[in-house]
$ cat protein-v6.txt   # compact mmCIF, C-alpha atoms
# COMPACT_ATOMS: atom_id res chain seq x y z
CA MET A 1 292.62 -31.34 -33.40
CA THR A 2 295.06 -30.17 -36.09
CA ASP A 3 293.74 -29.95 -39.62
CA PRO A 4 295.84 -32.53 -41.57
CA ILE A 5 295.77 -30.37 -44.70
CA LYS A 6 297.45 -27.51 -42.81
CA ASN A 7 300.40 -29.81 -42.07
CA PHE A 8 301.21 -29.76 -45.79
CA ASP A 9 300.90 -26.04 -46.51
CA ASP A 10 304.62 -25.60 -47.17
CA ILE A 11 304.83 -28.41 -49.75
CA ARG A 12 301.38 -28.86 -51.32
CA PRO A 13 300.12 -27.43 -54.65
CA TYR A 14 297.84 -24.41 -54.63
CA HIS A 15 294.12 -24.79 -54.07
CA ASP A 16 291.63 -23.11 -56.39
CA ASP A 17 291.10 -20.17 -54.04
CA GLU A 18 294.84 -19.42 -54.12
CA VAL A 19 295.26 -19.40 -57.89
CA ALA A 20 294.31 -15.79 -58.68
CA ALA A 21 296.73 -14.30 -56.12
CA ALA A 22 299.56 -16.58 -57.27
CA VAL A 23 299.01 -15.58 -60.89
CA GLN A 24 299.19 -11.89 -59.97
CA ARG A 25 302.47 -12.46 -58.11
CA ILE A 26 303.97 -14.15 -61.17
CA ILE A 27 302.83 -11.41 -63.55
CA ALA A 28 304.36 -8.79 -61.24
CA ASP A 29 307.71 -10.62 -60.95
CA PRO A 30 310.36 -8.74 -63.01
CA GLU A 31 312.65 -11.76 -62.93
CA PHE A 32 309.99 -13.95 -64.52
CA ILE A 33 309.26 -11.35 -67.19
CA GLY A 34 312.98 -11.03 -67.83
CA ALA A 35 313.36 -14.78 -68.23
CA ILE A 36 310.65 -14.83 -70.91
CA VAL A 37 312.27 -11.95 -72.75
CA GLN A 38 315.67 -13.66 -72.54
CA HIS A 39 314.23 -16.91 -73.91
CA ARG A 40 312.45 -15.17 -76.77
CA LEU A 41 315.11 -12.66 -77.80
CA GLY A 42 318.36 -14.29 -76.73
CA SER A 43 321.38 -12.03 -77.14
CA GLN A 44 319.17 -9.05 -78.03
CA SER A 45 317.16 -9.27 -74.79
CA LYS A 46 319.17 -6.63 -72.89
CA LEU A 47 318.94 -4.16 -75.73
CA LEU A 48 315.21 -4.62 -76.26
CA ASN A 49 314.09 -5.40 -72.72
CA PHE A 50 312.63 -1.92 -72.12
CA ILE A 51 310.24 -2.54 -75.04
CA ALA A 52 309.65 -6.28 -74.69
CA ALA A 53 309.08 -6.47 -70.91
CA PRO A 54 305.94 -4.24 -70.88
CA MET A 55 304.56 -6.18 -73.85
CA VAL A 56 305.08 -9.51 -72.07
CA SER A 57 303.45 -8.13 -68.91
CA TRP A 58 300.49 -6.89 -70.92
CA TYR A 59 300.11 -10.27 -72.65
CA LEU A 60 300.22 -12.19 -69.35
CA ARG A 61 297.69 -9.87 -67.69
CA ARG A 62 295.34 -10.31 -70.63
CA HIS A 63 295.63 -14.10 -70.88
CA TRP A 64 296.35 -15.17 -67.29
CA SER A 65 294.37 -12.81 -65.07
CA GLY A 66 291.20 -14.79 -65.66
CA PHE A 67 292.60 -17.96 -64.11
CA LYS A 68 290.54 -18.82 -61.03
CA SER A 69 291.20 -22.56 -60.68
CA VAL A 70 293.93 -25.16 -61.05
CA GLU A 71 291.87 -26.77 -63.81
CA ALA A 72 291.93 -23.50 -65.78
CA VAL A 73 295.71 -23.31 -65.44
CA GLN A 74 296.13 -26.91 -66.57
CA GLY A 75 293.80 -26.30 -69.49
CA TYR A 76 296.07 -23.47 -70.64
CA VAL A 77 299.14 -25.67 -70.17
CA ALA A 78 297.48 -28.48 -72.15
CA VAL A 79 296.95 -26.21 -75.18
CA TYR A 80 300.63 -25.19 -75.11
CA LEU A 81 301.76 -28.78 -74.58
CA ASN A 82 299.71 -30.03 -77.53
CA LYS A 83 301.29 -27.42 -79.80
CA SER A 84 304.76 -28.22 -78.44
CA LEU A 85 304.37 -31.97 -78.95
CA LYS A 86 303.35 -31.43 -82.58
CA LYS A 87 306.54 -29.44 -83.18
CA THR A 88 309.00 -31.44 -81.11
CA THR A 89 307.91 -35.07 -81.58
CA ALA A 90 307.06 -37.46 -84.38
CA GLY A 91 304.03 -38.55 -82.37
CA VAL A 92 303.22 -39.60 -78.82
CA THR A 93 301.66 -42.99 -78.13
CA PHE A 94 300.70 -44.68 -74.89
CA SER A 95 299.54 -48.06 -73.61
CA GLY A 96 298.29 -49.71 -70.43
CA LEU A 97 295.77 -47.10 -69.29
CA GLU A 98 292.89 -49.25 -70.45
CA ALA A 99 293.67 -51.65 -67.58
CA LEU A 100 293.37 -48.95 -64.90
CA ASP A 101 290.21 -47.90 -63.05
CA LYS A 102 289.24 -44.22 -63.30
CA THR A 103 287.58 -44.40 -59.90
CA LYS A 104 290.82 -45.33 -58.12
CA SER A 105 293.88 -43.26 -57.19
CA TYR A 106 297.28 -44.50 -58.30
CA LEU A 107 300.87 -43.87 -57.31
CA PHE A 108 302.71 -43.60 -60.63
CA VAL A 109 306.41 -44.43 -60.20
CA SER A 110 308.23 -43.68 -63.42
CA ASN A 111 311.65 -43.81 -64.97
CA HIS A 112 313.15 -40.35 -65.25
CA ARG A 113 314.80 -38.90 -68.35
CA ASP A 114 313.52 -35.34 -68.56
CA ILE A 115 312.84 -32.89 -65.72
CA ALA A 116 309.65 -31.35 -67.10
CA MET A 117 308.49 -33.61 -69.93
CA ASP A 118 308.27 -36.89 -67.97
CA PRO A 119 305.45 -35.79 -65.63
CA ALA A 120 303.93 -33.59 -68.33
CA LEU A 121 303.62 -36.55 -70.69
CA VAL A 122 302.18 -38.80 -68.00
CA ASN A 123 299.53 -36.16 -67.26
CA TRP A 124 298.92 -35.61 -70.98
CA CYS A 125 298.19 -39.32 -71.41
CA LEU A 126 295.93 -39.38 -68.35
CA HIS A 127 294.01 -36.37 -69.67
CA GLN A 128 293.64 -37.93 -73.13
CA GLN A 129 291.95 -40.96 -71.58
CA GLY A 130 289.68 -39.02 -69.23
CA PHE A 131 291.62 -39.62 -66.02
CA ASP A 132 292.29 -36.85 -63.52
CA THR A 133 295.85 -35.55 -63.79
CA ALA A 134 298.39 -36.45 -61.12
CA ARG A 135 300.06 -34.34 -58.49
CA ILE A 136 303.76 -34.07 -59.36
CA ALA A 137 306.71 -34.53 -57.01
CA ILE A 138 309.42 -31.94 -57.69
CA GLY A 139 312.70 -31.40 -55.85
CA ASP A 140 313.25 -28.04 -54.19
CA ASN A 141 316.64 -27.87 -55.94
CA LEU A 142 314.64 -26.85 -59.03
CA LEU A 143 312.75 -24.13 -57.19
CA LYS A 144 315.47 -21.62 -56.41
CA LYS A 145 313.45 -18.75 -57.86
CA PRO A 146 310.10 -17.66 -56.34
CA CYS A 147 308.44 -17.58 -59.75
CA ALA A 148 309.46 -21.21 -60.37
CA THR A 149 307.82 -22.25 -57.11
CA GLU A 150 304.64 -20.34 -58.00
CA LEU A 151 304.44 -21.88 -61.47
CA MET A 152 304.98 -25.43 -60.23
CA LYS A 153 302.47 -25.17 -57.39
CA LEU A 154 299.90 -23.78 -59.84
CA ASN A 155 300.39 -26.91 -61.97
CA LYS A 156 299.71 -29.48 -59.21
CA SER A 157 303.34 -29.91 -58.13
CA PHE A 158 304.31 -30.61 -54.54
CA ILE A 159 307.75 -30.07 -53.08
CA VAL A 160 310.30 -32.73 -52.15
CA ARG A 161 312.70 -31.10 -49.69
CA ARG A 162 316.04 -32.42 -50.87
CA SER A 163 317.81 -29.46 -49.27
CA ALA A 164 316.91 -30.57 -45.73
CA LYS A 165 320.03 -30.45 -43.54
CA GLY A 166 320.82 -32.75 -40.65
CA PRO A 167 319.17 -36.05 -39.64
CA ARG A 168 316.35 -34.48 -37.63
CA GLU A 169 315.26 -32.08 -40.38
CA MET A 170 315.59 -34.80 -43.03
CA ILE A 171 313.47 -37.29 -41.08
CA LYS A 172 310.80 -34.64 -40.54
CA ALA A 173 310.77 -33.74 -44.26
CA LEU A 174 310.54 -37.39 -45.35
CA GLY A 175 307.75 -38.08 -42.85
CA GLN A 176 305.77 -35.09 -44.10
CA LEU A 177 306.28 -36.19 -47.71
CA SER A 178 305.19 -39.76 -46.96
CA ALA A 179 302.07 -38.52 -45.16
CA TYR A 180 301.23 -36.10 -47.98
CA ILE A 181 301.45 -38.84 -50.62
CA ALA A 182 299.18 -41.08 -48.54
CA HIS A 183 296.75 -38.22 -47.87
CA SER A 184 296.59 -37.39 -51.60
CA LEU A 185 295.84 -40.97 -52.58
CA GLN A 186 293.23 -41.32 -49.84
CA THR A 187 291.46 -38.16 -51.00
CA GLY A 188 291.23 -39.19 -54.65
CA HIS A 189 294.41 -37.73 -56.19
CA HIS A 190 296.97 -39.55 -58.34
CA ILE A 191 300.67 -39.03 -57.59
CA TRP A 192 303.63 -38.98 -60.00
CA ILE A 193 307.13 -39.49 -58.65
CA ALA A 194 310.42 -40.56 -60.24
CA GLN A 195 311.87 -43.96 -59.36
CA LYS A 196 314.98 -42.30 -57.94
CA GLU A 197 316.38 -38.86 -57.26
CA GLY A 198 317.65 -37.21 -60.44
CA ARG A 199 317.47 -38.26 -64.07
CA ALA A 200 318.96 -41.55 -65.28
CA LYS A 201 321.59 -39.82 -67.37
CA ASP A 202 323.24 -43.09 -68.43
CA GLY A 203 319.95 -44.72 -69.46
CA ASN A 204 320.01 -47.18 -66.55
CA ASP A 205 316.51 -47.04 -65.06
CA VAL A 206 316.84 -48.53 -61.57
CA THR A 207 314.41 -47.87 -58.73
CA ASP A 208 316.03 -46.67 -55.51
CA PRO A 209 314.70 -48.68 -52.52
CA ALA A 210 314.98 -45.45 -50.51
CA ILE A 211 311.89 -44.22 -52.37
CA LEU A 212 309.93 -47.21 -51.09
CA LYS A 213 311.25 -46.67 -47.56
CA MET A 214 309.99 -43.10 -47.74
CA PHE A 215 306.55 -44.28 -48.86
CA TYR A 216 306.41 -46.62 -45.87
CA ILE A 217 307.18 -44.03 -43.17
CA ASN A 218 303.49 -43.20 -42.95
CA GLY A 219 302.51 -46.88 -42.90
CA LYS A 220 305.05 -47.69 -40.21
CA GLN A 221 303.69 -44.92 -38.01
CA GLN A 222 300.27 -46.57 -38.32
CA GLN A 223 301.80 -49.99 -37.55
CA ILE A 224 300.73 -51.40 -40.92
CA GLU A 225 302.81 -54.27 -42.29
CA PHE A 226 305.12 -53.26 -45.13
CA THR A 227 303.56 -55.60 -47.72
CA ASP A 228 300.01 -54.52 -46.88
CA TYR A 229 300.94 -50.86 -47.07
CA MET A 230 302.67 -51.25 -50.44
CA ARG A 231 299.54 -52.94 -51.80
CA SER A 232 297.34 -50.14 -50.49
CA LEU A 233 299.32 -47.52 -52.42
CA GLN A 234 298.22 -48.94 -55.81
CA ILE A 235 301.68 -48.48 -57.33
CA VAL A 236 301.76 -48.31 -61.13
CA PRO A 237 305.21 -48.42 -62.76
CA VAL A 238 305.44 -46.11 -65.78
CA CYS A 239 307.99 -46.31 -68.58
CA LEU A 240 308.76 -43.35 -70.86
CA SER A 241 310.65 -44.09 -74.07
CA TYR A 242 312.06 -41.18 -76.09
CA GLU A 243 313.51 -41.85 -79.53
CA TYR A 244 315.93 -38.96 -78.99
CA ASP A 245 316.86 -37.12 -75.82
CA PRO A 246 317.25 -33.36 -76.39
CA CYS A 247 319.66 -33.25 -73.44
CA ASP A 248 321.74 -36.27 -74.48
CA ALA A 249 324.90 -34.31 -75.34
CA ALA A 250 324.86 -32.43 -72.03
CA LYS A 251 324.31 -35.68 -70.13
CA ALA A 252 327.16 -37.40 -72.00
CA ASN A 253 329.52 -34.52 -71.23
CA GLU A 254 328.58 -34.69 -67.57
CA LEU A 255 329.16 -38.46 -67.45
CA TYR A 256 332.54 -38.03 -69.17
CA GLN A 257 333.62 -35.37 -66.70
CA LEU A 258 332.52 -37.50 -63.75
CA ALA A 259 334.46 -40.47 -65.10
CA THR A 260 337.64 -38.54 -65.86
CA GLU A 261 337.72 -35.92 -63.11
CA GLY A 262 335.62 -37.53 -60.39
CA ASN A 263 333.20 -34.61 -60.01
CA TYR A 264 330.84 -32.37 -61.93
CA GLN A 265 329.80 -28.87 -60.92
CA LYS A 266 326.52 -27.58 -62.31
CA THR A 267 326.31 -24.00 -63.49
CA GLU A 268 323.81 -21.70 -61.77
CA PHE A 269 321.05 -22.00 -64.36
CA GLU A 270 321.87 -25.46 -65.72
CA ASP A 271 318.67 -27.10 -64.45
CA ILE A 272 316.54 -24.35 -65.99
CA GLU A 273 318.43 -24.70 -69.28
CA SER A 274 317.81 -28.47 -69.19
CA ILE A 275 314.10 -27.90 -68.63
CA ILE A 276 313.86 -25.53 -71.60
CA LYS A 277 315.94 -27.79 -73.85
CA GLY A 278 313.80 -30.79 -72.89
CA ILE A 279 310.61 -28.92 -73.76
CA VAL A 280 311.65 -27.29 -77.04
CA GLY A 281 314.15 -29.91 -78.27
CA TYR A 282 313.25 -32.59 -80.82
CA LYS A 283 312.36 -35.94 -79.26
CA GLY A 284 311.32 -38.03 -82.23
CA ARG A 285 308.79 -40.72 -81.36
CA VAL A 286 307.69 -40.96 -77.73
CA HIS A 287 305.87 -43.81 -76.00
CA VAL A 288 304.46 -43.90 -72.47
CA HIS A 289 303.60 -47.30 -71.02
CA PHE A 290 301.55 -47.67 -67.84
CA GLY A 291 302.43 -51.00 -66.27
CA ALA A 292 300.25 -53.31 -64.21
CA VAL A 293 299.38 -52.33 -60.66
CA LEU A 294 301.72 -54.30 -58.41
CA GLU A 295 299.61 -57.33 -57.61
CA LYS A 296 299.13 -59.23 -54.37
CA ASN A 297 301.09 -62.20 -55.66
CA GLU A 298 304.15 -60.02 -56.29
CA ASP A 299 307.04 -60.25 -53.85
CA LEU A 300 306.41 -57.03 -51.92
CA GLU A 301 308.08 -57.99 -48.66
CA SER A 302 310.92 -55.47 -48.70
CA PRO A 303 311.87 -52.15 -50.32
CA GLU A 304 314.37 -54.02 -52.49
CA SER A 305 311.78 -56.52 -53.76
CA VAL A 306 309.26 -53.76 -54.56
CA ALA A 307 312.00 -51.82 -56.39
CA ALA A 308 312.81 -54.94 -58.41
CA ALA A 309 309.12 -55.41 -59.28
CA ILE A 310 308.90 -51.82 -60.50
CA ASP A 311 312.05 -52.27 -62.58
CA ARG A 312 310.66 -55.40 -64.24
CA GLU A 313 307.51 -53.54 -65.28
CA ILE A 314 309.52 -50.63 -66.63
CA TYR A 315 311.84 -52.91 -68.62
CA GLN A 316 308.83 -54.72 -70.12
CA GLY A 317 307.26 -51.40 -71.07
CA TYR A 318 310.10 -49.98 -73.17
CA ARG A 319 309.47 -48.99 -76.77
CA PHE A 320 312.72 -49.37 -78.72
CA TYR A 321 313.86 -47.37 -81.73
CA PRO A 322 316.67 -47.85 -84.27
CA ALA A 323 318.99 -45.66 -82.18
CA ASN A 324 318.76 -48.12 -79.28
CA TYR A 325 319.69 -51.11 -81.45
CA GLN A 326 322.42 -49.18 -83.26
CA ALA A 327 323.93 -48.01 -79.96
CA ALA A 328 323.95 -51.60 -78.68
CA GLY A 329 325.57 -52.89 -81.88
CA GLN A 330 322.47 -54.85 -82.88
CA THR A 331 320.70 -54.85 -86.23
CA THR A 332 317.10 -53.91 -86.85
CA ALA A 333 314.89 -53.86 -89.92
CA GLU A 334 314.13 -50.17 -89.45
CA SER A 335 316.79 -47.69 -90.55
CA ASP A 336 317.82 -44.73 -88.40
CA ASN A 337 318.50 -42.57 -91.49
CA GLY A 338 321.80 -41.46 -89.97
CA ALA A 339 320.18 -39.26 -87.31
CA PHE A 340 321.71 -41.16 -84.40
CA MET A 341 325.22 -41.17 -85.89
CA ALA A 342 324.91 -37.43 -86.45
CA ARG A 343 324.29 -37.00 -82.71
CA ILE A 344 327.29 -39.21 -81.94
CA ASN A 345 329.61 -37.46 -84.38
CA ALA A 346 328.67 -34.02 -83.05
CA LEU A 347 330.55 -34.86 -79.84
CA PRO A 348 334.30 -35.15 -79.18
CA ALA A 349 335.54 -38.72 -79.69
CA GLU A 350 336.21 -39.24 -75.99
CA VAL A 351 332.60 -38.30 -75.08
CA GLN A 352 330.89 -40.38 -77.77
CA PRO A 353 330.91 -43.73 -75.85
CA TYR A 354 328.89 -42.16 -73.04
CA LEU A 355 326.13 -41.04 -75.38
CA GLN A 356 326.18 -44.41 -77.13
CA GLN A 357 325.85 -46.29 -73.83
CA MET A 358 322.99 -44.00 -72.81
CA TYR A 359 320.91 -45.25 -75.73
CA ALA A 360 322.10 -48.87 -75.47
CA ASN A 361 321.40 -49.45 -71.78
CA PRO A 362 317.57 -49.55 -71.92
CA LEU A 363 317.69 -52.26 -74.61
CA LEU A 364 320.42 -54.23 -72.84
CA ASN A 365 318.58 -54.04 -69.50
CA ALA A 366 315.32 -55.21 -71.06
CA GLN A 367 317.01 -58.11 -72.83
CA LYS A 368 318.81 -59.13 -69.66
CA ALA A 369 315.58 -58.97 -67.63
CA LYS A 370 313.77 -61.06 -70.28
CA THR A 371 316.50 -63.70 -70.19
CA THR A 372 316.46 -63.80 -66.37
CA THR A 373 312.68 -64.16 -66.28
CA ALA A 374 312.81 -67.00 -68.81
CA GLU A 375 315.46 -68.82 -66.80
CA VAL A 376 313.47 -68.49 -63.54
CA SER A 377 310.29 -69.80 -65.19
CA GLN A 378 312.00 -72.94 -66.52
$ encode --input "protein-v6.txt" --output "structure tokens"
Amino acid sequence: MTDPIKNFDDIRPYHDDEVAAAVQRIIADPEFIGAIVQHRLGSQSKLLNFIAAPMVSWYLRRHWSGFKSVEAVQGYVAVYLNKSLKKTTAGVTFSGLEALDKTKSYLFVSNHRDIAMDPALVNWCLHQQGFDTARIAIGDNLLKKPCATELMKLNKSFIVRRSAKGPREMIKALGQLSAYIAHSLQTGHHIWIAQKEGRAKDGNDVTDPAILKMFYINGKQQQIEFTDYMRSLQIVPVCLSYEYDPCDAAKANELYQLATEGNYQKTEFEDIESIIKGIVGYKGRVHVHFGAVLEKNEDLESPESVAAAIDREIYQGYRFYPANYQAAGQTTAESDNGAFMARINALPAEVQPYLQQMYANPLLNAQKAKTTTAEVSQ
């Protein structure tokens, strides 16, 4: 009989007994060392690399060589994240976790604004409340460098093979992913996954039913009814609300180019640059809301109805800031102090509407959903 865990070796995170070797591979990777030097020194990195690179290697050997478990790695990450959040936010709050059971495993399906910070913040909140952290779904389009793969797998990330070519390979990859998510939940691990592929650059948080169809592949193979399988997954919608998006200008420019030219071509290191900007950029106030587990009385009969249920929970979980109201042309008692208009005015006039709409859409979607719900209940 085949060991089910072995079926996931090419996508799963590292186990504790694999951590030490992975850390040594990262420390010995010149490209990784070079990336750190480049980030720290910028334009002077080439000139000073021969001095800085050995120093970085020495620092990593001293501070990382002792890592022998995933928990140790995440503990190190948590210290850095705490320091980063103090510098780059005006405070992080969260709600909804008090309604969840620490003895159960949940499938967290969240809106997606930032490549690295979204799952990091969800795990930060879980850790603050004494929950185990979640395994993180990450697309292989972000893992073009070996060191990136090593780092992500050390931090409980598993790989979503978006690069699969051809129907046969794609079906196999989706089936493996569906089985791995089910296996993780069944063995006591939470899962984090975005509600659709890619960030919602325009601020429209809409769950892709294809995600639910992927979840169900494993259930279908076991001949479990769709509704019953969805209930068994313990899906928890999660809503992240950032006062300011460090990548908002880049997103607005991309949306403008798509609208005017019909296409947008990413640069080679654009995803990495977005990750760094999202981590080190100022985010203002941040709120993470954990919605209610999709209940039995919810309409869970189809991928579309489950997607709609997730969307409703996300819309109800938003935390709105003056920038959202200002972007939507609505008044609020709290002043923005001109910070939002400064972000708008920093862009060319033709790009400004895209950034404005990005901040307005969450508020407009929530208000529309509230009105629809009220009408249905009457």
$ closest_residue --input "protein-v6.txt" --among "A:Asp10, A:Glu270, A:Asp205, A:Glu295" --to "Ala366 (chain A)" --atoms "all atoms listed in the file"
A:Asp205
$ closest_atom_pairs --input "protein-v6.txt" --of "region 72-145 of chain A" --to "region 12-28 of chain A" --cutoff "12 Å" --atoms "all atoms listed in the file" --output "tab-separated table"
residue	atom	partner	partner_atom	distance
A:Ala72	CA	A:Asp16	CA	9.4
A:Val73	CA	A:Val19	CA	8.5
A:Gln74	CA	A:Val19	CA	11.5
A:Ala134	CA	A:Pro13	CA	11.2
A:Arg135	CA	A:Pro13	CA	7.9
A:Ile136	CA	A:Pro13	CA	8.9
A:Ala137	CA	A:Arg12	CA	9.6
A:Ile138	CA	A:Arg12	CA	10.7
A:Lys145	CA	A:Ile26	CA	11.0
$ closest_residue --input "protein-v6.txt" --among "A:Asp248, A:Asp140, A:Asp299, A:Glu197" --to "Ile211 (chain A)" --atoms "only C-alpha atoms"
A:Glu197
$ atom_distance --input "protein-v6.txt" --atom1 "CA of Tyr282 (chain A)" --atom2 "CA of Ile115 (chain A)"
15.1 Å
$ residues_around --input "protein-v6.txt" --residues "Tyr315 (chain A)" --least-positions-apart "2" --cutoff "12 Å" --atoms "all atoms listed in the file" --output "ChimeraX atom specification"
/A:110-111,203-207,237-241,289-291,308-313,317-320,361-371,373
$ closest_residue --input "protein-v6.txt" --among "A:Ile181, A:Val79, A:Met214, A:Leu347" --to "Leu107 (chain A)" --atoms "all atoms listed in the file"
A:Ile181
$ atom_distance --input "protein-v6.txt" --atom1 "CA of Val92 (chain A)" --atom2 "CA of Arg285 (chain A)"
6.2 Å
$ closest_atom_pairs --input "protein-v6.txt" --of "region 72-129 of chain A" --to "region 155-163 of chain A" --cutoff "12 Å" --atoms "only C-alpha atoms" --output "Markdown table"
| residue | atom | partner | partner_atom | distance |
| --- | --- | --- | --- | --- |
| A:Ala72 | CA | A:Asn155 | CA | 9.9 |
| A:Val73 | CA | A:Asn155 | CA | 6.8 |
| A:Gln74 | CA | A:Asn155 | CA | 6.3 |
| A:Gly75 | CA | A:Asn155 | CA | 10.0 |
| A:Tyr76 | CA | A:Asn155 | CA | 10.3 |
| A:Val77 | CA | A:Asn155 | CA | 8.4 |
| A:Ala78 | CA | A:Asn155 | CA | 10.7 |
| A:Ala116 | CA | A:Ser157 | CA | 11.1 |
| A:Pro119 | CA | A:Ser157 | CA | 9.8 |
| A:Ala120 | CA | A:Asn155 | CA | 9.9 |
| A:Asn123 | CA | A:Lys156 | CA | 10.5 |
$ residues_near_point --input "protein-v6.txt" --point "(292.2, -43.6, -71.1)" --cutoff "6 Å" --atoms "all atoms listed in the file" --output "number ranges by chain"
A: 97-98, 129-130
$ axis_aligned_box --input "protein-v6.txt" --around "region 224-233 of chain A" --padding-each-side "8 Å" --output "AutoDock Vina command-line options"
--center_x 301.2 --center_y -51.6 --center_z -46.7 --size_x 23.8 --size_y 24.1 --size_z 27.5
$ atom_distance --input "protein-v6.txt" --atom1 "CA of Gly219 (chain A)" --atom2 "CA of Glu298 (chain A)"
18.8 Å
$ closest_residue --input "protein-v6.txt" --among "A:Leu255, A:Gly166, A:Ser178, A:Val306" --to "Gln221 (chain A)" --atoms "all atoms listed in the file"
A:Ser178
$ closest_residue --input "protein-v6.txt" --among "A:Lys153, A:Val56, A:Tyr180, A:Asp271" --to "Gln38 (chain A)" --atoms "all atoms listed in the file"
A:Val56
$ closest_residue --input "protein-v6.txt" --among "A:Thr88, A:Phe215, A:Ile275, A:Trp64" --to "Asp118 (chain A)" --atoms "all atoms listed in the file"
A:Ile275
$ residues_around --input "protein-v6.txt" --residues "Gly188 (chain A)" --least-positions-apart "5" --cutoff "12 Å" --atoms "only C-alpha atoms" --output "short mmCIF file (atom, residue, chain, number, x, y, z; two decimals) with C-alpha atoms, in the coordinates of the input"
data_model
loop_
_atom_site.label_atom_id
_atom_site.label_comp_id
_atom_site.auth_asym_id
_atom_site.auth_seq_id
_atom_site.Cartn_x
_atom_site.Cartn_y
_atom_site.Cartn_z
CA LYS A 102 289.24 -44.22 -63.30
CA THR A 103 287.58 -44.40 -59.90
CA LYS A 104 290.82 -45.33 -58.12
CA SER A 105 293.88 -43.26 -57.19
CA TYR A 106 297.28 -44.50 -58.30
CA LEU A 107 300.87 -43.87 -57.31
CA PHE A 131 291.62 -39.62 -66.02
CA ASP A 132 292.29 -36.85 -63.52
CA THR A 133 295.85 -35.55 -63.79
CA ALA A 134 298.39 -36.45 -61.12
CA ARG A 135 300.06 -34.34 -58.49
CA ILE A 181 301.45 -38.84 -50.62
CA ALA A 182 299.18 -41.08 -48.54
CA HIS A 183 296.75 -38.22 -47.87
CA LEU A 233 299.32 -47.52 -52.42
#
$ residues_around --input "protein-v6.txt" --residues "Ser57 (chain A)" --least-positions-apart "4" --cutoff "12 Å" --atoms "only C-alpha atoms" --output "count of residues only"
25
